[in-house]
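**Student:** One structure coming up, written as structure tokens, with questions to follow.
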Amino acid sequence: MAYDYAPFPYVAPPGLIAPEPRHPVAIVGAGPIGLALAIDLAQRGIKSVVLDDNNVVSVGSRAICWAKRTLEIFERLGVGDRMLEKGVTWTVGRLFHGTDEIYSFDLLPEDGHKYPAFVNLQQYYVEQFLVERAQDFPDLIDMRFLNKVTDHSDQGDHVTLNVETPDGAYQIEAEYYIAADGAGSSTRKRMELPFHGQSFDEHFLIVDVELPQSPFPTEDPERWFWFAPPFHPGQSALLHKQPDNIYRIDLQLGPNADPELEASEEKVLARIKAVIGEMDFRLDWMSVYKFRCAKLDRFVHDRIIFVGDSAHVVSPFGARGGNGGIQDIDNLGWKLAAVLREKPTTLLDSYDAERRHGAAENILNSSRATNFMTPKSVIETLFRNEALNLAGTYPFARKLINSGRLSTPCTLEGMTLQTGQHPLVGRCLIDLPIASGWLTETITGDFTLLTLDNAPWPTTKGLLNYALPPGRLTADRYGTKGAFLIRPDGHICAYFSTPDVEAISDAMFRANGGFS
Amino acid sequence: MIIEDNLGHQGDALYSALMQTHDGLTPNQSHALNARLVLLMMNEIGNPDTIIALMADARALTQPGVGPFGA
């Protein structure tokens, strides 16, 4: 059944009549990234106004693969269970060359985690769930649809925004301006910021079809990727299951494809039939697209902060776009809340450094996958073909086959907020089953000292203490001695072998943007 | 002969470096580069039994038909 795109109501904003009090945060763009940030800030007691030029959720499924780390962040934001319940869970990816399966990978081969490696869920559902969650905070989140930001200006201690509505234009002020306005960011264009990277010549066709039965012969949904399948000679193809019996088909079309011709119904229907055979289907959405990998040189420009696709774009292979954006706001939310409460702005510098690092890693992985899939010379084609040839016989060559290295969070090891050298420092909290449910449900949004032994760990203001249950899984994932300091975004930022009060205090100071 | 992965996390980076090594070369220059690279690697490996076995295995996977360079 097709998704019902019910429009969100437009309400005439107060600024049309009289000047509004200065907003702490203005978020420009009500996509998944902007909405998630508004919720994160609201959970920390920070008000925001969210402005969007549109009044419906994402048209078309767009971002569909939500990674484990994103689901854990959504857990913290109060929508994780809904995502899990509605989404299609998968952990296995299969790779084919022609008709032969050459390789499969399990992205989460172990038990003991609340969230799976991935759920597939259409972006329109994600946005709907986030809007509904945001409505839980009527005093803290002011969502304004059909409010188009046409200009902005950094005034030093605040930013002014010019906004257009169906009832006319008005102006607001905000202490911080968050540009969550997507790959074509108007904010970025107004500021004439360079957005350099690699463009790819390949055209791809992306379609969603509703099918009466699964085209997968396996019982569990998986990610299937083909190099040169018989139904699409010489090119690559990708198949994913989404909720509501909708399937995503992604077909490489080559650099010389005519995008207009390829988008014609006749052509698209013929390509779908080639994939699924003579099954009845309903075409839900389609798009012919090219992509690039690019990022801004800086994500923070004084009081203007870029998050998500406005700051960095990647190719879709690896699911690093939407997931990368959610990690941006996870990193930014607590820091922005702290800075608005007089913590040093070095915290925002650390957002810039940590997420540029994350974006660079995503772009590197995404570029390599795209280069592998779309060889740009005869020699690249030769190597790609021979890697596939060898992969049929030799396990080592299967590791070289790159159809996308799927999104995993980067480590923040060695960056300014972290202390010490323990191998887990910089990484994300690793989930564990605990008596009340899951660790990722319990450690949510505050600085926490995660303790492993019965040493006299101090209780410090502004720091929660949580004793991990002893057991084999705890020992495998965290060890048996000492304590970890967990940041509000779930990154591990220090390890202490003994209850050294001064060391813990120093690490807290550092993690709060003070660099001693 | 090592048939399991021996490159670890560096596989993608090394594959990418190999492509960059060929960047901008004509097909003939790429052929020549590949030949030099094989000769360098042969010397680097050193063990004649291993090298002969690798040659035989590579030869055994020869595909019929036309490749990207033509017939």
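Ordering of the structure tokens sets the chain letters (A, B, ...), residue numbers begin anew at 1 in every chain, and ligands are numbered from 1 in the order given.
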As a PyMOL selection string, please: every residue in chain B that a backbone DSSP assignment puts in alpha helix (DSSP H).

**Tutor:** chain B and resi 11-22+27-45+48-60

**Student:** Near chain A, meaning an atom within 9 Å, which residues of chain B appear when counting only C-alpha atoms? Write them as a list of chain:residue names.

**Tutor:** B:Ile2, B:Ile3, B:Glu4, B:Asp5, B:Asn6, B:Leu7, B:Gly8, B:Gly11, B:Asp12, B:Ala13, B:Tyr15, B:Ser16, B:Met19, B:His22, B:Asp23, B:Thr26, B:Pro27, B:Ser30, B:His31, B:Ala58, B:Leu61, B:Thr62, B:Gln63, B:Gly67, B:Pro68, B:Phe69

**Student:** With only C-alpha atoms as the counted atoms, please give the residues lying no more than 7 Å from A:Tyr177, apart from itself and same-chain residues fewer than 6 positions off, as a PDB file with N, CA and C atoms, in the first residue's frame.

**Tutor:**
```
ATOM      1  N   VAL A  25      18.323  28.123  19.502  1.00  0.00           N
ATOM      2  CA  VAL A  25      18.800  27.370  18.331  1.00  0.00           C
ATOM      3  C   VAL A  25      17.745  27.426  17.233  1.00  0.00           C
ATOM      4  N   ALA A  26      18.165  27.765  16.013  1.00  0.00           N
ATOM      5  CA  ALA A  26      17.296  27.638  14.841  1.00  0.00           C
ATOM      6  C   ALA A  26      17.849  26.504  13.988  1.00  0.00           C
ATOM      7  N   ILE A  27      16.997  25.533  13.699  1.00  0.00           N
ATOM      8  CA  ILE A  27      17.409  24.398  12.867  1.00  0.00           C
ATOM      9  C   ILE A  27      16.736  24.556  11.510  1.00  0.00           C
ATOM     10  N   VAL A 159      22.526  35.121  15.227  1.00  0.00           N
ATOM     11  CA  VAL A 159      22.328  35.073  13.775  1.00  0.00           C
ATOM     12  C   VAL A 159      20.912  35.561  13.493  1.00  0.00           C
ATOM     13  N   ARG A 303      28.822  30.934  14.331  1.00  0.00           N
ATOM     14  CA  ARG A 303      27.496  30.553  14.862  1.00  0.00           C
ATOM     15  C   ARG A 303      26.654  29.745  13.873  1.00  0.00           C
ATOM     16  N   ILE A 304      27.252  29.403  12.742  1.00  0.00           N
ATOM     17  CA  ILE A 304      26.563  28.577  11.743  1.00  0.00           C
ATOM     18  C   ILE A 304      27.207  27.182  11.781  1.00  0.00           C
ATOM     19  N   ILE A 305      26.404  26.176  12.013  1.00  0.00           N
ATOM     20  CA  ILE A 305      26.932  24.818  12.142  1.00  0.00           C
ATOM     21  C   ILE A 305      26.241  23.908  11.129  1.00  0.00           C
TER      22      ILE A 305
END
```

**Student:** Just checking: using only C-alpha atoms, which residue out of A:Met1, A:Ala263, A:Leu388, A:Ile46 ends up closest to A:Ala338?

**Tutor:**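 Nearest candidate to A:Ala338 out of A:Met1, A:Ala263, A:Leu388, A:Ile46: A:Ile46.
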
**Student:** Tell me which protein, DNA and RNA residues are within 12 Å of stretch 41-53 of chain B, counting only C-alpha atoms, leaving out same-chain ones fewer than 6 positions away, and put them as a list in words.

**Tutor:**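 In the requested form, the answer reads Met1, Ile2, Ile3, Asn34, Ala35, Arg59 and Ala60 of chain B.
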
**Student:** May I have the residues within 6 Å of stretch 322-336 of chain A as a ChimeraX atom specification, using only C-alpha atoms and disregarding those fewer than 2 positions away in the same chain?

**Tutor:** /A:33,37,40-41,70,307-308,320,338-339,347,351,489

**Student:** Keeping only all heavy atoms, write those residues as a short mmCIF file (atom, residue, chain, number, x, y, z; two decimals), in the first residue's frame.

**Tutor:**
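Output below, filename selection_14.cif:
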```cif
data_model
loop_
_atom_site.label_atom_id
_atom_site.label_comp_id
_atom_site.auth_asym_id
_atom_site.auth_seq_id
_atom_site.Cartn_x
_atom_site.Cartn_y
_atom_site.Cartn_z
N ILE A 33 17.82 14.51 10.06
CA ILE A 33 18.95 15.03 10.83
C ILE A 33 18.52 16.23 11.68
O ILE A 33 18.79 16.28 12.88
CB ILE A 33 20.12 15.41 9.88
CG1 ILE A 33 20.43 14.30 8.85
CG2 ILE A 33 21.36 15.82 10.65
CD1 ILE A 33 20.70 12.93 9.44
N LEU A 37 18.13 16.28 15.83
CA LEU A 37 18.85 17.24 16.68
C LEU A 37 17.88 18.00 17.59
O LEU A 37 18.16 18.21 18.77
CB LEU A 37 19.65 18.23 15.81
CG LEU A 37 20.43 19.27 16.63
CD1 LEU A 37 21.46 18.61 17.55
CD2 LEU A 37 21.11 20.29 15.73
N ASP A 40 17.07 15.72 20.43
CA ASP A 40 18.23 15.59 21.33
C ASP A 40 18.33 16.82 22.24
O ASP A 40 18.47 16.72 23.46
CB ASP A 40 19.51 15.40 20.50
CG ASP A 40 20.67 14.84 21.32
OD1 ASP A 40 20.62 14.89 22.56
OD2 ASP A 40 21.65 14.36 20.71
N LEU A 41 18.22 18.01 21.62
CA LEU A 41 18.31 19.25 22.40
C LEU A 41 17.16 19.35 23.40
O LEU A 41 17.37 19.73 24.56
CB LEU A 41 18.32 20.46 21.46
CG LEU A 41 19.57 20.64 20.59
CD1 LEU A 41 19.35 21.75 19.57
CD2 LEU A 41 20.81 20.94 21.44
N THR A 70 23.05 3.99 14.54
CA THR A 70 21.95 4.94 14.39
C THR A 70 20.76 4.51 15.24
O THR A 70 20.11 5.33 15.90
CB THR A 70 21.53 5.03 12.91
OG1 THR A 70 22.63 5.55 12.17
CG2 THR A 70 20.33 5.94 12.72
N VAL A 307 25.31 20.22 9.55
CA VAL A 307 25.12 18.81 9.95
C VAL A 307 24.53 18.03 8.78
O VAL A 307 23.78 18.58 7.97
CB VAL A 307 24.16 18.68 11.17
CG1 VAL A 307 24.78 19.25 12.43
CG2 VAL A 307 22.82 19.34 10.90
N GLY A 308 24.87 16.76 8.68
CA GLY A 308 24.28 15.89 7.66
C GLY A 308 24.77 16.24 6.26
O GLY A 308 25.89 16.72 6.06
N ARG A 320 26.16 5.33 4.24
CA ARG A 320 26.93 6.22 5.10
C ARG A 320 26.42 7.67 5.08
O ARG A 320 27.00 8.53 5.71
CB ARG A 320 28.41 6.16 4.72
CG ARG A 320 29.06 4.85 5.13
CD ARG A 320 30.44 4.66 4.53
NE ARG A 320 31.02 3.38 4.94
CZ ARG A 320 31.78 3.19 6.01
NH1 ARG A 320 32.07 4.21 6.80
NH2 ARG A 320 32.24 2.00 6.30
N ALA A 338 25.67 22.15 26.10
CA ALA A 338 26.65 22.57 27.11
C ALA A 338 27.16 23.98 26.83
O ALA A 338 27.30 24.80 27.75
CB ALA A 338 27.81 21.58 27.15
N VAL A 339 27.43 24.29 25.56
CA VAL A 339 27.93 25.62 25.21
C VAL A 339 26.87 26.68 25.52
O VAL A 339 27.19 27.78 26.01
CB VAL A 339 28.37 25.66 23.72
CG1 VAL A 339 28.61 27.09 23.25
CG2 VAL A 339 29.62 24.81 23.52
N LEU A 347 34.19 22.93 22.71
CA LEU A 347 33.36 21.75 22.45
C LEU A 347 32.85 21.75 21.01
O LEU A 347 32.76 20.68 20.39
CB LEU A 347 32.17 21.72 23.42
CG LEU A 347 32.43 21.13 24.81
CD1 LEU A 347 31.19 21.28 25.67
CD2 LEU A 347 32.85 19.67 24.72
N TYR A 351 33.39 19.14 17.88
CA TYR A 351 32.38 18.60 16.93
C TYR A 351 32.95 18.67 15.53
O TYR A 351 32.91 17.71 14.76
CB TYR A 351 31.06 19.38 17.02
CG TYR A 351 30.19 19.18 15.80
CD1 TYR A 351 29.51 17.97 15.62
CD2 TYR A 351 30.10 20.13 14.79
CE1 TYR A 351 28.75 17.75 14.47
CE2 TYR A 351 29.36 19.92 13.64
CZ TYR A 351 28.69 18.72 13.49
OH TYR A 351 27.96 18.49 12.33
N ASP A 489 27.20 11.20 24.30
CA ASP A 489 26.83 10.59 23.02
C ASP A 489 27.25 9.12 22.96
O ASP A 489 27.24 8.51 21.89
CB ASP A 489 27.45 11.37 21.84
CG ASP A 489 28.97 11.49 21.94
OD1 ASP A 489 29.60 10.76 22.76
OD2 ASP A 489 29.54 12.32 21.21
#
```

**Student:** Do you know which residues are at most 9 Å from A:Val275 counting only C-alpha atoms, after dropping those on the same chain fewer than 2 positions away, and could you put them as a VMD selection string?

**Tutor:** chain A and resid 215 231 to 232 249 270 to 273 277

**Student:** What would the file look like if the residues just selected were written as an mmCIF file, in the first residue's frame with N, CA, C and O atoms?

**Tutor:**
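Once written, result_24.cif looks like this:
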```cif
data_model
loop_
_atom_site.group_PDB
_atom_site.id
_atom_site.type_symbol
_atom_site.label_atom_id
_atom_site.label_comp_id
_atom_site.auth_asym_id
_atom_site.auth_seq_id
_atom_site.Cartn_x
_atom_site.Cartn_y
_atom_site.Cartn_z
ATOM 1 N N PRO A 215 10.947 -11.553 -3.791
ATOM 2 C CA PRO A 215 11.779 -12.107 -4.858
ATOM 3 C C PRO A 215 12.976 -12.886 -4.313
ATOM 4 O O PRO A 215 13.682 -13.550 -5.068
ATOM 5 N N PHE A 231 20.154 -10.631 -15.646
ATOM 6 C CA PHE A 231 19.022 -9.739 -15.922
ATOM 7 C C PHE A 231 19.439 -8.301 -16.190
ATOM 8 O O PHE A 231 18.612 -7.453 -16.522
ATOM 9 N N HIS A 232 20.719 -8.005 -16.045
ATOM 10 C CA HIS A 232 21.193 -6.623 -16.252
ATOM 11 C C HIS A 232 22.659 -6.691 -16.683
ATOM 12 O O HIS A 232 23.560 -6.330 -15.939
ATOM 13 N N ILE A 249 15.239 -1.530 -5.717
ATOM 14 C CA ILE A 249 16.132 -2.052 -6.760
ATOM 15 C C ILE A 249 17.002 -0.889 -7.230
ATOM 16 O O ILE A 249 16.490 0.187 -7.548
ATOM 17 N N ALA A 270 10.315 -2.090 -18.057
ATOM 18 C CA ALA A 270 11.034 -3.199 -18.701
ATOM 19 C C ALA A 270 12.200 -3.655 -17.819
ATOM 20 O O ALA A 270 12.451 -4.863 -17.665
ATOM 21 N N ARG A 271 12.892 -2.700 -17.218
ATOM 22 C CA ARG A 271 14.039 -3.061 -16.362
ATOM 23 C C ARG A 271 13.557 -3.804 -15.110
ATOM 24 O O ARG A 271 14.202 -4.737 -14.655
ATOM 25 N N ILE A 272 12.440 -3.366 -14.533
ATOM 26 C CA ILE A 272 11.917 -4.043 -13.334
ATOM 27 C C ILE A 272 11.526 -5.479 -13.678
ATOM 28 O O ILE A 272 11.861 -6.418 -12.953
ATOM 29 N N LYS A 273 10.840 -5.642 -14.821
ATOM 30 C CA LYS A 273 10.418 -6.991 -15.233
ATOM 31 C C LYS A 273 11.617 -7.905 -15.424
ATOM 32 O O LYS A 273 11.554 -9.101 -15.125
ATOM 33 N N GLY A 277 10.821 -10.784 -13.040
ATOM 34 C CA GLY A 277 10.054 -11.721 -13.857
ATOM 35 C C GLY A 277 8.611 -11.257 -14.005
ATOM 36 O O GLY A 277 8.300 -10.078 -13.821
#
```
